[in-house]
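> Got a file for you: coords36.tsv, TSV, C-alpha atoms.
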chain	number	residue	atom	x	y	z
A	28	MET	CA	0.00	0.00	0.00
A	29	SER	CA	1.42	3.41	-0.93
A	30	ALA	CA	1.93	6.09	1.69
A	31	ALA	CA	-0.88	8.15	0.17
A	32	ALA	CA	-3.31	5.27	0.55
A	33	LYS	CA	-2.63	4.58	4.21
A	34	PRO	CA	-5.22	5.76	6.75
A	35	ARG	CA	-3.91	8.75	8.63
A	36	PRO	CA	-3.32	8.16	12.34
A	37	VAL	CA	-5.99	9.45	14.67
A	38	LEU	CA	-5.01	10.81	18.06
A	39	PRO	CA	-6.87	9.75	21.21
A	40	LYS	CA	-10.41	11.04	21.61
A	41	THR	CA	-9.33	13.11	24.59
A	42	ALA	CA	-7.48	15.53	22.31
A	43	LYS	CA	-10.21	18.04	21.46
A	44	VAL	CA	-10.53	21.68	20.55
A	45	ALA	CA	-13.47	24.07	20.71
A	46	PRO	CA	-15.46	25.03	17.59
A	47	LYS	CA	-14.76	28.36	15.91
A	48	ARG	CA	-17.86	29.48	14.04
A	49	THR	CA	-17.17	32.46	11.80
A	50	LEU	CA	-20.66	33.03	10.35
A	51	THR	CA	-23.45	34.83	12.17
A	52	PHE	CA	-27.16	34.17	11.72
A	53	ASP	CA	-30.47	35.74	12.68
A	54	PRO	CA	-31.67	35.55	16.33
A	55	GLU	CA	-34.28	32.86	15.61
A	56	PHE	CA	-31.79	30.42	14.07
A	57	ASP	CA	-29.16	31.25	16.69
A	58	LEU	CA	-31.65	30.30	19.42
A	59	LEU	CA	-32.29	26.96	17.71
A	60	LEU	CA	-28.56	26.30	17.51
A	61	ALA	CA	-28.04	27.20	21.17
A	62	CYS	CA	-30.76	24.73	22.20
A	63	CYS	CA	-29.42	21.94	19.99
A	64	THR	CA	-25.72	22.09	20.83
A	65	THR	CA	-24.25	18.99	22.40
A	66	GLU	CA	-23.64	20.95	25.62
A	67	PRO	CA	-26.30	23.70	25.85
A	68	SER	CA	-25.38	26.77	27.89
A	69	GLY	CA	-28.26	28.10	29.99
A	70	ASP	CA	-26.63	31.52	30.22
A	71	HIS	CA	-26.19	31.78	26.46
A	72	ILE	CA	-29.77	30.63	25.82
A	73	GLN	CA	-31.06	33.14	28.40
A	74	GLN	CA	-29.15	35.91	26.63
A	75	LEU	CA	-30.69	34.96	23.28
A	76	LEU	CA	-34.18	34.80	24.80
A	77	SER	CA	-33.84	38.44	25.81
A	78	SER	CA	-33.15	39.52	22.22
A	79	GLN	CA	-35.74	40.46	19.62
A	80	ILE	CA	-37.18	37.11	18.57
A	81	ASP	CA	-39.86	36.72	15.92
A	82	TRP	CA	-41.60	33.87	17.74
A	83	ASN	CA	-43.88	32.89	14.84
A	84	ARG	CA	-40.87	32.51	12.57
A	85	TRP	CA	-39.02	30.68	15.33
A	86	LEU	CA	-41.84	28.14	15.67
A	87	SER	CA	-41.81	27.68	11.91
A	88	LEU	CA	-38.06	27.02	11.98
A	89	LEU	CA	-38.53	24.61	14.85
A	90	ASP	CA	-40.99	22.56	12.84
A	91	HIS	CA	-38.94	22.70	9.64
A	92	HIS	CA	-35.70	21.51	11.26
A	93	ARG	CA	-37.38	18.70	13.26
A	94	VAL	CA	-35.65	19.50	16.54
A	95	ILE	CA	-38.66	19.79	18.87
A	96	PRO	CA	-37.38	17.34	21.54
A	97	GLN	CA	-33.92	18.95	21.72
A	98	VAL	CA	-35.33	22.45	21.96
A	99	TYR	CA	-37.96	21.48	24.53
A	100	ARG	CA	-35.32	19.89	26.77
A	101	ALA	CA	-33.21	23.04	26.60
A	102	LEU	CA	-36.09	25.48	27.24
A	103	ALA	CA	-38.32	23.59	29.69
A	104	GLY	CA	-36.63	25.28	32.65
A	105	LEU	CA	-36.62	28.73	31.00
A	106	CYS	CA	-40.29	28.97	30.04
A	107	ARG	CA	-40.78	32.21	32.01
A	108	SER	CA	-38.44	33.95	29.58
A	109	MET	CA	-40.71	33.08	26.65
A	110	PRO	CA	-44.20	34.25	25.68
A	111	ASP	CA	-46.77	31.94	27.24
A	112	ASP	CA	-48.43	31.03	23.96
A	113	THR	CA	-45.07	30.17	22.38
A	114	PHE	CA	-44.08	27.82	25.18
A	115	ILE	CA	-47.55	26.21	25.16
A	116	ALA	CA	-47.16	25.59	21.41
A	117	LEU	CA	-43.70	24.10	22.00
A	118	GLN	CA	-44.96	21.88	24.80
A	119	SER	CA	-47.91	20.71	22.74
A	120	SER	CA	-45.61	19.85	19.82
A	121	TYR	CA	-43.31	17.94	22.15
A	122	GLN	CA	-46.19	15.88	23.55
A	123	GLU	CA	-47.56	15.16	20.09
A	124	ASN	CA	-44.13	14.04	18.93
A	125	ALA	CA	-43.85	11.71	21.94
A	126	ARG	CA	-47.19	10.11	21.10
A	127	LYS	CA	-46.17	9.58	17.48
A	128	ALA	CA	-42.79	8.16	18.48
A	129	LEU	CA	-44.39	5.58	20.76
A	130	TRP	CA	-46.87	4.56	18.05
A	131	PHE	CA	-44.11	4.27	15.44
A	132	THR	CA	-42.05	2.16	17.84
A	133	GLY	CA	-44.88	-0.29	18.38
A	134	GLU	CA	-45.50	-0.50	14.64
A	135	LEU	CA	-41.80	-1.05	13.91
A	136	VAL	CA	-41.64	-3.93	16.39
A	137	ARG	CA	-44.75	-5.45	14.78
A	138	LEU	CA	-43.39	-5.17	11.24
A	139	VAL	CA	-39.91	-6.48	12.06
A	140	GLY	CA	-41.41	-9.36	14.06
A	141	HIS	CA	-43.55	-10.36	11.09
A	142	LEU	CA	-40.66	-10.20	8.62
A	143	GLU	CA	-38.31	-12.12	10.92
A	144	SER	CA	-40.96	-14.81	11.45
A	145	LEU	CA	-40.82	-15.41	7.68
A	146	GLY	CA	-37.03	-15.80	7.76
A	147	ILE	CA	-36.38	-12.29	6.38
A	148	LYS	CA	-33.45	-10.69	8.19
A	149	THR	CA	-33.85	-6.98	8.95
A	150	LEU	CA	-31.77	-4.03	10.14
A	151	ILE	CA	-33.20	-0.84	11.61
A	152	TYR	CA	-31.06	2.28	11.77
A	153	LYS	CA	-33.24	5.42	11.72
A	154	GLY	CA	-36.55	6.36	13.34
A	155	PRO	CA	-37.06	4.88	16.83
A	156	ALA	CA	-33.78	2.96	16.68
A	157	LEU	CA	-31.71	6.10	16.13
A	158	ALA	CA	-33.60	7.93	18.88
A	159	LYS	CA	-32.85	5.13	21.35
A	160	ILE	CA	-29.19	4.82	20.31
A	161	LEU	CA	-28.41	8.54	20.41
A	162	TYR	CA	-30.78	10.00	23.00
A	163	GLY	CA	-31.73	7.06	25.19
A	164	GLU	CA	-35.51	7.30	24.56
A	165	VAL	CA	-37.59	6.97	21.41
A	166	THR	CA	-39.49	10.14	22.31
A	167	GLN	CA	-36.34	12.29	22.32
A	168	ARG	CA	-35.94	12.52	18.55
A	169	GLN	CA	-38.35	13.73	15.88
A	170	PHE	CA	-39.15	11.45	12.93
A	171	CYS	CA	-42.12	10.85	10.66
A	172	ASP	CA	-41.63	7.41	9.12
A	173	LEU	CA	-39.94	4.04	9.50
A	174	ASP	CA	-36.99	2.55	7.63
A	175	ILE	CA	-36.28	-1.17	7.43
A	176	LEU	CA	-33.20	-2.52	5.63
A	177	VAL	CA	-33.33	-6.02	4.13
A	178	ARG	CA	-31.02	-7.97	1.85
A	179	PRO	CA	-31.71	-7.52	-1.90
A	180	VAL	CA	-32.57	-11.20	-2.29
A	181	ASP	CA	-35.35	-10.81	0.30
A	182	VAL	CA	-36.99	-7.72	-1.23
A	183	PRO	CA	-39.78	-9.49	-3.18
A	184	ARG	CA	-40.85	-11.58	-0.19
A	185	ALA	CA	-40.62	-8.59	2.17
A	186	ARG	CA	-42.77	-6.48	-0.15
A	187	VAL	CA	-45.46	-9.17	-0.27
A	188	ALA	CA	-45.32	-9.58	3.52
A	189	LEU	CA	-45.92	-5.85	4.03
A	190	LEU	CA	-48.82	-5.89	1.58
A	191	ASP	CA	-50.32	-8.73	3.62
A	192	LEU	CA	-50.18	-6.46	6.68
A	193	GLY	CA	-52.31	-3.84	4.95
A	194	TYR	CA	-49.61	-1.53	3.59
A	195	LYS	CA	-49.85	-0.26	0.00
A	196	SER	CA	-46.84	0.13	-2.27
A	197	GLN	CA	-46.40	3.38	-4.20
A	198	ILE	CA	-45.25	1.52	-7.28
A	199	GLU	CA	-46.45	-1.70	-8.93
A	200	LEU	CA	-43.93	-3.60	-11.07
A	201	THR	CA	-43.84	-6.87	-12.96
A	202	LEU	CA	-41.35	-9.52	-11.79
A	203	ARG	CA	-38.89	-8.54	-14.54
A	204	GLN	CA	-39.24	-4.84	-13.77
A	205	GLU	CA	-38.82	-5.51	-10.07
A	206	ARG	CA	-35.52	-7.32	-10.72
A	207	ASP	CA	-34.26	-4.33	-12.71
A	208	TYR	CA	-35.52	-1.88	-10.11
A	209	ILE	CA	-33.82	-3.75	-7.25
A	210	ASP	CA	-30.56	-3.41	-9.19
A	211	SER	CA	-30.91	0.32	-9.88
A	212	GLY	CA	-33.10	1.57	-7.01
A	213	TYR	CA	-32.82	1.33	-3.27
A	214	GLU	CA	-36.27	1.41	-1.62
A	215	TYR	CA	-40.00	0.77	-1.81
A	216	ALA	CA	-42.18	3.38	-0.14
A	217	PHE	CA	-45.38	2.15	1.50
A	218	ARG	CA	-48.56	3.92	2.54
A	219	ASN	CA	-50.96	2.88	5.27
A	220	ARG	CA	-54.75	2.66	4.97
A	221	ASP	CA	-54.99	6.44	5.48
A	222	ASN	CA	-52.71	6.97	2.46
A	223	GLN	CA	-49.85	8.32	4.58
A	224	ASN	CA	-46.26	7.52	3.65
A	225	LEU	CA	-45.13	5.67	6.75
A	226	LEU	CA	-42.63	3.03	5.72
A	227	GLU	CA	-39.57	2.69	3.50
A	228	LEU	CA	-38.34	-0.83	2.75
A	229	GLN	CA	-34.70	-0.44	1.70
A	230	TRP	CA	-32.06	-2.80	0.35
A	231	LYS	CA	-29.36	-0.18	-0.25
A	232	ILE	CA	-28.36	2.95	1.63
A	233	LEU	CA	-28.49	5.19	-1.45
A	234	PRO	CA	-29.72	4.96	-5.03
A	235	ARG	CA	-27.11	3.51	-7.39
A	236	PHE	CA	-26.39	6.76	-9.22
A	237	TYR	CA	-24.83	8.38	-6.12
A	238	SER	CA	-21.92	5.97	-6.62
A	239	VAL	CA	-21.38	5.25	-2.93
A	240	ASP	CA	-21.32	1.49	-3.02
A	241	PHE	CA	-21.84	0.35	0.55
A	242	ASP	CA	-21.75	-3.41	0.94
A	243	ALA	CA	-24.99	-3.88	2.84
A	244	THR	CA	-24.21	-7.57	3.34
A	245	THR	CA	-21.40	-6.67	5.72
A	246	PHE	CA	-23.82	-4.51	7.71
A	247	PHE	CA	-25.82	-7.64	8.48
A	248	ASP	CA	-22.69	-9.65	9.26
A	249	ARG	CA	-21.46	-7.22	11.92
A	250	ALA	CA	-24.79	-5.82	13.13
A	251	GLY	CA	-25.34	-4.76	16.72
A	252	GLU	CA	-28.49	-5.11	18.79
A	253	ILE	CA	-30.97	-2.73	20.34
A	254	HIS	CA	-33.97	-3.35	22.60
A	255	LEU	CA	-37.24	-1.68	21.62
A	256	GLY	CA	-40.70	-2.48	22.92
A	257	GLY	CA	-39.42	-5.56	24.71
A	258	SER	CA	-37.83	-6.99	21.55
A	259	ALA	CA	-34.18	-7.31	20.52
A	260	LEU	CA	-33.72	-5.85	17.03
A	261	ALA	CA	-30.65	-5.79	14.79
A	262	THR	CA	-29.12	-2.40	14.00
A	263	LEU	CA	-26.00	-0.87	12.47
A	264	ARG	CA	-22.84	-0.76	14.53
A	265	PRO	CA	-21.79	2.82	15.48
A	266	SER	CA	-18.92	3.15	12.99
A	267	ASP	CA	-21.14	2.09	10.09
A	268	LEU	CA	-23.92	4.33	11.36
A	269	MET	CA	-21.66	7.39	11.27
A	270	LEU	CA	-20.92	6.95	7.56
A	271	VAL	CA	-24.57	6.21	6.76
A	272	LEU	CA	-25.77	9.33	8.60
A	273	CYS	CA	-23.19	11.48	6.80
A	274	VAL	CA	-24.18	10.38	3.29
A	275	HIS	CA	-27.86	10.65	4.25
A	276	ALA	CA	-27.38	14.27	5.35
A	277	ALA	CA	-25.50	15.08	2.14
A	278	LYS	CA	-28.16	13.40	-0.02
A	279	HIS	CA	-30.79	15.70	1.53
A	280	MET	CA	-28.55	18.78	1.27
A	281	TRP	CA	-28.64	19.23	5.05
A	282	CYS	CA	-32.22	20.44	4.68
A	283	GLU	CA	-32.91	19.90	8.40
A	284	LEU	CA	-30.73	20.75	11.37
A	285	SER	CA	-31.77	17.44	12.94
A	286	LEU	CA	-29.52	15.61	10.46
A	287	LEU	CA	-26.48	17.31	11.97
A	288	CYS	CA	-27.82	16.93	15.50
A	289	ASP	CA	-27.71	13.16	15.06
A	290	ILE	CA	-24.15	13.26	13.74
A	291	ALA	CA	-23.00	15.55	16.55
A	292	GLN	CA	-24.59	13.27	19.13
A	293	LEU	CA	-23.08	10.12	17.65
A	294	ALA	CA	-19.65	11.76	17.48
A	295	SER	CA	-19.51	11.72	21.28
A	296	SER	CA	-19.93	7.93	21.45
A	297	PRO	CA	-16.95	6.11	23.00
A	298	ARG	CA	-17.79	3.13	20.78
A	299	LEU	CA	-16.65	4.88	17.60
A	300	ASN	CA	-13.46	3.68	15.96
A	301	TRP	CA	-12.26	6.80	14.19
A	302	ASN	CA	-9.48	5.02	12.30
A	303	THR	CA	-11.99	2.53	10.88
A	304	ILE	CA	-14.47	5.29	10.00
A	305	HIS	CA	-11.85	7.33	8.20
A	306	SER	CA	-10.33	4.40	6.30
A	307	GLN	CA	-13.79	3.22	5.21
A	308	ALA	CA	-14.67	6.72	4.03
A	309	ARG	CA	-11.52	6.88	1.94
A	310	ARG	CA	-12.20	3.46	0.45
A	311	LEU	CA	-15.75	4.50	-0.52
A	312	GLY	CA	-14.63	7.87	-1.86
A	313	ILE	CA	-16.63	9.84	0.71
A	314	GLU	CA	-13.84	11.26	2.85
A	315	ARG	CA	-14.91	14.79	1.91
A	316	VAL	CA	-18.54	14.01	2.81
A	317	LEU	CA	-17.48	12.60	6.20
A	318	LEU	CA	-15.17	15.47	7.11
A	319	LEU	CA	-17.63	18.08	5.88
A	320	ASN	CA	-20.39	16.69	8.09
A	321	LEU	CA	-18.10	16.53	11.10
A	322	LEU	CA	-16.91	20.09	10.54
A	323	LEU	CA	-20.50	21.34	10.26
A	324	ALA	CA	-21.49	19.47	13.42
A	325	ASN	CA	-18.52	21.02	15.19
A	326	LEU	CA	-19.10	24.57	13.96
A	327	LEU	CA	-22.87	24.71	14.41
A	328	LEU	CA	-23.48	22.34	17.32
A	329	GLY	CA	-20.19	22.09	19.18
A	330	ALA	CA	-19.63	18.41	18.37
A	331	ARG	CA	-16.61	17.23	20.33
A	332	LEU	CA	-14.16	15.69	17.88
A	333	PRO	CA	-10.63	14.31	18.23
A	334	PHE	CA	-8.04	16.97	17.50
A	335	SER	CA	-6.66	15.04	14.50
A	336	ILE	CA	-10.13	14.78	12.95
A	337	GLN	CA	-10.59	18.53	13.29
A	338	GLN	CA	-7.24	19.04	11.59
A	339	MET	CA	-8.40	16.87	8.69
A	340	CYS	CA	-11.68	18.82	8.48
A	341	ARG	CA	-9.77	22.04	7.93
A	342	GLN	CA	-6.98	20.65	5.76
A	343	THR	CA	-8.32	21.98	2.46
A	344	THR	CA	-10.07	25.15	1.40
A	345	THR	CA	-12.60	22.99	-0.48
A	346	ILE	CA	-14.05	21.58	2.73
A	347	THR	CA	-14.13	24.92	4.56
A	348	THR	CA	-15.66	26.64	1.51
A	349	LEU	CA	-18.36	23.99	1.25
A	350	ALA	CA	-18.99	24.22	5.00
A	351	ASN	CA	-19.61	27.96	4.75
A	352	GLU	CA	-22.01	27.49	1.83
A	353	ILE	CA	-23.94	24.74	3.60
A	354	GLN	CA	-24.25	26.71	6.85
A	355	LEU	CA	-26.04	29.42	4.90
A	356	ILE	CA	-28.21	26.85	3.10
A	357	ILE	CA	-29.32	25.46	6.48
A	358	ALA	CA	-29.87	28.84	8.10
A	359	ARG	CA	-31.86	30.21	5.15
A	360	ASN	CA	-33.99	27.07	4.69
A	361	GLN	CA	-32.90	26.85	1.06
A	362	HIS	CA	-34.53	24.01	-0.85
A	363	TYR	CA	-32.84	22.01	-3.59
A	364	ASP	CA	-34.96	19.95	-5.95
A	365	ALA	CA	-33.32	16.50	-5.96
A	366	GLU	CA	-34.04	16.29	-9.70
A	367	SER	CA	-32.48	19.65	-10.55
A	368	ILE	CA	-29.19	20.42	-12.26
A	369	PRO	CA	-27.89	22.60	-9.34
A	370	TYR	CA	-28.48	19.67	-6.98
A	371	PHE	CA	-26.47	17.25	-9.12
A	372	ARG	CA	-23.69	19.78	-9.54
A	373	PHE	CA	-23.45	20.04	-5.78
A	374	MET	CA	-23.38	16.25	-5.42
A	375	ILE	CA	-20.43	16.13	-7.82
A	376	ARG	CA	-18.60	18.82	-5.82
A	377	LEU	CA	-18.92	16.67	-2.72
A	378	ARG	CA	-16.79	13.89	-4.20
A	379	GLU	CA	-13.00	14.08	-3.97
A	380	ARG	CA	-12.03	11.43	-6.55
A	381	PRO	CA	-12.36	12.14	-10.30
A	382	GLN	CA	-13.48	8.56	-10.99
A	383	ASP	CA	-16.36	8.91	-8.52
A	384	ARG	CA	-17.47	12.15	-10.15
A	385	ALA	CA	-17.39	10.46	-13.57
A	386	ARG	CA	-19.32	7.43	-12.29
A	387	LEU	CA	-21.89	9.64	-10.59
A	388	LEU	CA	-22.45	11.60	-13.80
A	389	ALA	CA	-22.71	8.48	-15.97
A	390	ARG	CA	-25.05	6.68	-13.59
A	391	LEU	CA	-27.10	9.84	-13.15
A	392	ILE	CA	-27.69	10.02	-16.89
A	393	PHE	CA	-28.52	6.37	-17.51
A	394	THR	CA	-29.89	4.92	-14.25
A	395	PRO	CA	-33.71	4.99	-14.15
A	396	SER	CA	-35.20	6.47	-11.00
A	397	LEU	CA	-38.53	5.81	-9.30
A	398	ARG	CA	-39.94	8.68	-11.36
A	399	GLU	CA	-39.31	6.82	-14.64
A	400	TRP	CA	-40.59	3.50	-13.32
A	401	SER	CA	-43.79	4.99	-11.93
A	402	THR	CA	-44.77	7.47	-14.67
A	403	ILE	CA	-44.23	5.40	-17.81
A	404	ARG	CA	-45.44	1.81	-18.16
A	405	LEU	CA	-43.34	0.02	-20.76
A	406	PRO	CA	-44.04	-3.60	-21.74
A	407	GLU	CA	-41.76	-6.01	-19.92
A	408	PRO	CA	-39.54	-6.82	-22.95
A	409	LEU	CA	-38.84	-3.10	-23.34
A	410	SER	CA	-37.66	-2.53	-19.75
A	411	PRO	CA	-34.08	-1.64	-20.86
A	412	LEU	CA	-35.58	1.40	-22.61
A	413	TYR	CA	-36.14	3.03	-19.21
A	414	ARG	CA	-32.54	4.23	-19.56
A	415	LEU	CA	-33.56	6.20	-22.62
A	416	VAL	CA	-36.62	7.52	-20.79
A	417	ARG	CA	-34.27	8.75	-18.07
A	418	LEU	CA	-31.98	10.41	-20.61
A	419	SER	CA	-34.94	12.07	-22.30
A	420	ARG	CA	-36.25	13.52	-19.02
A	421	LEU	CA	-32.84	14.92	-18.13
A	422	ALA	CA	-32.47	16.44	-21.60
A	423	ARG	CA	-35.82	18.21	-21.21
A	424	ARG	CA	-34.71	19.59	-17.87
A	425	LEU	CA	-31.49	20.93	-19.39
A	426	ALA	CA	-33.47	22.56	-22.18
A	427	SER	CA	-35.96	24.15	-19.77
A	428	PRO	CA	-35.42	27.91	-19.26
A	429	SER	CA	-35.92	27.51	-15.50
Take the structure from the file and write it as structure tokens.


Amino acid sequence: MSAAAKPRPVLPKTAKVAPKRTLTFDPEFDLLLACCTTEPSGDHIQQLLSSQIDWNRWLSLLDHHRVIPQVYRALAGLCRSMPDDTFIALQSSYQENARKALWFTGELVRLVGHLESLGIKTLIYKGPALAKILYGEVTQRQFCDLDILVRPVDVPRARVALLDLGYKSQIELTLRQERDYIDSGYEYAFRNRDNQNLLELQWKILPRFYSVDFDATTFFDRAGEIHLGGSALATLRPSDLMLVLCVHAAKHMWCELSLLCDIAQLASSPRLNWNTIHSQARRLGIERVLLLNLLLANLLLGARLPFSIQQMCRQTTTITTLANEIQLIIARNQHYDAESIPYFRFMIRLRERPQDRARLLARLIFTPSLREWSTIRLPEPLSPLYRLVRLSRLARRLASPS
């Protein structure tokens, strides 16, 4: 192995430095950040509460960034410094979130139990599982659906099993189309009887075109265990979870502060093997994505990182430049259409290796997405033509004046 390919040594976790945020935001977003930091300061929060806060906008931000439990924990003892109606709204949202979290947990245990009884191995890594892993209680994190990871070979049986439980798939495919979709896609979304999107059955972490080729089989081989609702369920080990959370945040363009809250919280876990995380990121070509997420979690939320990791985060102007751009995207609630050209340009900028950028671009052009599979119904023998459908849709987007 060449010197350039060797994982860089990581110093002990005790070597840490404080974050140095250079950007300033509006009072409403600053208050959210102060409540969501890994070590909230009551004095700092009290100081922000005495500033000119647009409480309606603040409540809107709170809902958008899905950080109700974190903010409620930080402000429960400071309610007298807030308008009564604002705190009542916060408290009501917290209680509603707790009720939903408990219902989702019970439903997850039911679904996993049914799949496992059929011999279908499952992994859970978001939703109630992530709340329990990071915050100790399922009610202490905000989420709105469930994610269950299965092996690709088990997808057809798992889909049928969920249909038997009353869930409805958003897409109906023939057996041939399903085989092609399992190769190019990564999830089935399911609705309940009320037509709400409540469940995502996944067999990959990301769609193929992102060109981050996790080996999900190894996730099952080295899975950990978590207890929910009186049941022991398989889940990702912490080092795998860190990489998965980082690519998930990047995929969604850090649209919610909660994505970074989870990463900041996980970063404090003594069970993380930073050398393994970093070497895996380099192997997958997502070192920049990893370090960018860690830098953002450090700058915005005070995530406590090993000194050597912080040095890596600031080693290139590319990472610090991207971090500054993304901080503004988060603070301004900017939305990126995941089918837009600016979004794909940003995804390419996040990759450090030229071959990954080239693969991403090629797969982006020719890999059919759920949109192609669900909007155009080609006869089964013509399934390969979905690649041309994909190319045609992208060409129309490029030609659009918007």

> Can you list, as a short mmCIF file (atom, residue, chain, number, x, y, z; two decimals) with C-alpha atoms, keeping the file's coordinate frame, every protein, DNA or RNA residue that comes within 9 Å of A:Leu233 when you count all atoms listed in the file, leaving out same-chain residues fewer than 6 positions away?


data_model
loop_
_atom_site.label_atom_id
_atom_site.label_comp_id
_atom_site.auth_asym_id
_atom_site.auth_seq_id
_atom_site.Cartn_x
_atom_site.Cartn_y
_atom_site.Cartn_z
CA GLY A 212 -33.10 1.57 -7.01
CA TYR A 213 -32.82 1.33 -3.27
CA GLU A 214 -36.27 1.41 -1.62
CA VAL A 239 -21.38 5.25 -2.93
CA ASP A 240 -21.32 1.49 -3.02
CA PHE A 241 -21.84 0.35 0.55
CA VAL A 274 -24.18 10.38 3.29
CA HIS A 275 -27.86 10.65 4.25
CA LYS A 278 -28.16 13.40 -0.02
#

> Residues at most 12 Å from A:Asp70, counting only C-alpha atoms, excluding those fewer than 3 positions away in the same chain, as a list in words?

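Selected residues are Leu58, Ala61, Cys62, Glu66, Pro67, Gln73, Gln74, Leu75, Leu76, Ser77, Ala101, Leu102 and Leu105 of chain A.
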
> Fewer than 5 positions away in the same chain doesn't count, so skip those; otherwise give me all residues within 9 Å of A:Gly256, counting all atoms listed in the file, as a list of chain:residue names.

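That gives A:Thr132, A:Gly133, A:Val136.
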
> Can you write out the residues you just picked, keeping C-alpha atoms, as a PDB file, in the frame of the given file?


ATOM      1  CA  THR A 132     -42.050   2.160  17.840  1.00  0.00           C
ATOM      2  CA  GLY A 133     -44.880  -0.290  18.380  1.00  0.00           C
ATOM      3  CA  VAL A 136     -41.640  -3.930  16.390  1.00  0.00           C
TER       4      VAL A 136
END

> Name the residues in contact with A:Leu318 at a cut-off of 9 Å, using all atoms listed in the file, excluding same-chain residues fewer than 4 positions from it; report them as a VMD selection string.

chain A and resid 273 305 313 to 314 322 to 323 336 to 337 339 to 341 346

> Within 10 Å of A:Leu293, counting only C-alpha atoms, which residues show up once you throw out same-chain ones fewer than 5 positions away? Write them as a count of residues only, please.

15

> To one decimal place in Å, what is the distance between atom CA of A:Phe246 and atom CA of A:Ser295?

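Separation of atom CA of A:Phe246 and atom CA of A:Ser295: 21.6 Å.
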
> Mind completing stretch 110-123 of chain A with N, CA and C atoms? Output as an mmCIF file, in the coordinates of the input, please?


data_model
loop_
_atom_site.group_PDB
_atom_site.id
_atom_site.type_symbol
_atom_site.label_atom_id
_atom_site.label_comp_id
_atom_site.auth_asym_id
_atom_site.auth_seq_id
_atom_site.Cartn_x
_atom_site.Cartn_y
_atom_site.Cartn_z
ATOM 1 N N PRO A 110 -42.751 33.977 25.656
ATOM 2 C CA PRO A 110 -44.200 34.250 25.680
ATOM 3 C C PRO A 110 -44.958 32.969 26.016
ATOM 4 N N ASP A 111 -46.022 33.113 26.796
ATOM 5 C CA ASP A 111 -46.770 31.940 27.240
ATOM 6 C C ASP A 111 -47.294 31.111 26.074
ATOM 7 N N ASP A 112 -47.850 31.783 25.067
ATOM 8 C CA ASP A 112 -48.430 31.030 23.960
ATOM 9 C C ASP A 112 -47.371 30.286 23.156
ATOM 10 N N THR A 113 -46.157 30.844 23.095
ATOM 11 C CA THR A 113 -45.070 30.170 22.380
ATOM 12 C C THR A 113 -44.646 28.906 23.113
ATOM 13 N N PHE A 114 -44.492 29.009 24.431
ATOM 14 C CA PHE A 114 -44.080 27.820 25.180
ATOM 15 C C PHE A 114 -45.184 26.755 25.164
ATOM 16 N N ILE A 115 -46.444 27.179 25.228
ATOM 17 C CA ILE A 115 -47.550 26.210 25.160
ATOM 18 C C ILE A 115 -47.525 25.480 23.821
ATOM 19 N N ALA A 116 -47.243 26.215 22.740
ATOM 20 C CA ALA A 116 -47.160 25.590 21.410
ATOM 21 C C ALA A 116 -45.995 24.604 21.362
ATOM 22 N N LEU A 117 -44.861 24.991 21.948
ATOM 23 C CA LEU A 117 -43.700 24.100 22.000
ATOM 24 C C LEU A 117 -44.010 22.846 22.802
ATOM 25 N N GLN A 118 -44.628 23.024 23.950
ATOM 26 C CA GLN A 118 -44.960 21.880 24.800
ATOM 27 C C GLN A 118 -45.945 20.949 24.119
ATOM 28 N N SER A 119 -46.922 21.516 23.449
ATOM 29 C CA SER A 119 -47.910 20.710 22.740
ATOM 30 C C SER A 119 -47.248 19.903 21.617
ATOM 31 N N SER A 120 -46.323 20.539 20.899
ATOM 32 C CA SER A 120 -45.610 19.850 19.820
ATOM 33 C C SER A 120 -44.749 18.719 20.381
ATOM 34 N N TYR A 121 -44.133 18.964 21.521
ATOM 35 C CA TYR A 121 -43.310 17.940 22.150
ATOM 36 C C TYR A 121 -44.155 16.731 22.550
ATOM 37 N N GLN A 122 -45.309 16.978 23.133
ATOM 38 C CA GLN A 122 -46.190 15.880 23.550
ATOM 39 C C GLN A 122 -46.726 15.113 22.356
ATOM 40 N N GLU A 123 -47.071 15.821 21.292
ATOM 41 C CA GLU A 123 -47.560 15.160 20.090
ATOM 42 C C GLU A 123 -46.458 14.300 19.469
#
